[in-house]
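Read the structure below first, then the notes.
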Amino acid sequence: MNLTGTDEVGVVDLKTRQLVAKWPLPEAHNAHAIVLDEPNHRLFIATRKPAQFIVFNTDTGKTVASLPCVGVNSDMSFDVERKRIYVTGSEAASVFEQRDADHYEHIAEVPTGYRAKSSIFVPDLKRLYVAVSGKGKPDAKLETANL
């Protein structure tokens with residue numbers, strides 16, 4: 001879980017429901033989206049200051065990768081079949097490819113829309129849906145990013 005007040009990741013034992021460890025974010029603040037890659041024992045996190053995509057080894061709590069990503073991010077999805085991670089933020093989606101559990105590559109910045117931070121990946125359709133803000137806009141709509 002995000003421990004936003006201390007810029008740490010909290011590890012909770014699901015059986016006891018107790019906080020069992022804290023992992024500091026590596027020179028980053030304001031963690032938002034978190035996704036677990038359980039088979040590879042990896043935790044993906046997107047931060048805002050600076051905008052970073054960070055990968056933790058869940059066995060050791062150590063950082064295995066850190067790459068720049070879209071700013072003002074809010075959501076992240078893991079496309080298990082294609083080994084891609086999508087981080088959505090204001091005006092773009094950062095796309096990363098998992099080469100193996102310890103190696104990641106930034107492969108694209110896909111334009112989305114103003115304040116388009118919320119998203120959901122639908123594996124069966126192989127589509128990432130991004131909500132484009134309608135604040136102050138009468139023609140608000142749901143956009144699909146072709147990834």
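Chain identifiers are assigned as A, B, and so on, following the order in which chains appear in the structure tokens; residues are numbered from 1 within each chain, and ligands are numbered from 1 in order of appearance.
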
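Residue neighbourhood of segment 104-114 of chain A, excluding near-sequence residues (fewer than 4 positions): A:Ser90, A:Glu91, A:Ala92, A:Ala93, A:Ser94, A:Val95, A:Phe96, A:Glu97, A:Gln98, A:Arg99, A:Val132, A:Ser133, A:Ala145, at 7 Å, using only C-alpha atoms.
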
Please provide the set of residues having any atom within 6 Å of Cys69 of chain A, restricted to only C-alpha atoms, with same-chain residues fewer than 3 positions apart removed, written as a PyMOL selection string.
chain A and resi 51-53+94

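Take the candidates A:Val72, A:Ala101, A:Leu125, A:Leu43 and check each one against Val11 of chain A using only C-alpha atoms; the shortest distance goes to A:Leu43.
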
Shell of 6 Å around Ile54 of chain A, only C-alpha atoms, local chain residues under 2 positions omitted, as an mmCIF file with N, CA and C atoms, in the first residue's frame:
data_model
loop_
_atom_site.group_PDB
_atom_site.id
_atom_site.type_symbol
_atom_site.label_atom_id
_atom_site.label_comp_id
_atom_site.auth_asym_id
_atom_site.auth_seq_id
_atom_site.Cartn_x
_atom_site.Cartn_y
_atom_site.Cartn_z
ATOM 1 N N PHE A 44 4.980 -2.881 -9.281
ATOM 2 C CA PHE A 44 5.164 -1.706 -10.120
ATOM 3 C C PHE A 44 4.499 -0.516 -9.436
ATOM 4 N N ILE A 45 5.203 0.610 -9.404
ATOM 5 C CA ILE A 45 4.684 1.820 -8.778
ATOM 6 C C ILE A 45 4.961 3.003 -9.700
ATOM 7 N N ALA A 65 14.352 -1.572 -11.035
ATOM 8 C CA ALA A 65 14.309 -0.695 -12.204
ATOM 9 C C ALA A 65 13.601 0.597 -11.832
ATOM 10 N N SER A 66 13.996 1.676 -12.508
ATOM 11 C CA SER A 66 13.352 2.969 -12.338
ATOM 12 C C SER A 66 13.530 3.740 -13.641
#

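The neighbours of Phe121 of chain A here are the residues that come within 10 Å of it, using only C-alpha atoms and leaving out any residue fewer than 4 positions away in the same chain; they are Asp75, Met76, Ser77, Phe78, Asp79, Ile85, Tyr86, Leu125, Lys126, Arg127, Leu128, Tyr129 and Val130 of chain A.
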
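With only C-alpha atoms as the atoms that count, the residue of A:Arg17, A:His41, A:His103, A:Arg115 with the shortest distance to Asn73 of chain A is A:Arg115.
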
Å distance separating atom CA of Pro50 of chain A from atom CA of Leu3 of chain A, one decimal place
16.7 Å

For a quick check of understanding, using only C-alpha atoms, which of A:Ala21, A:Met1, A:Val70, A:Leu14 has the smallest distance to Lys49 of chain A?
A:Val70
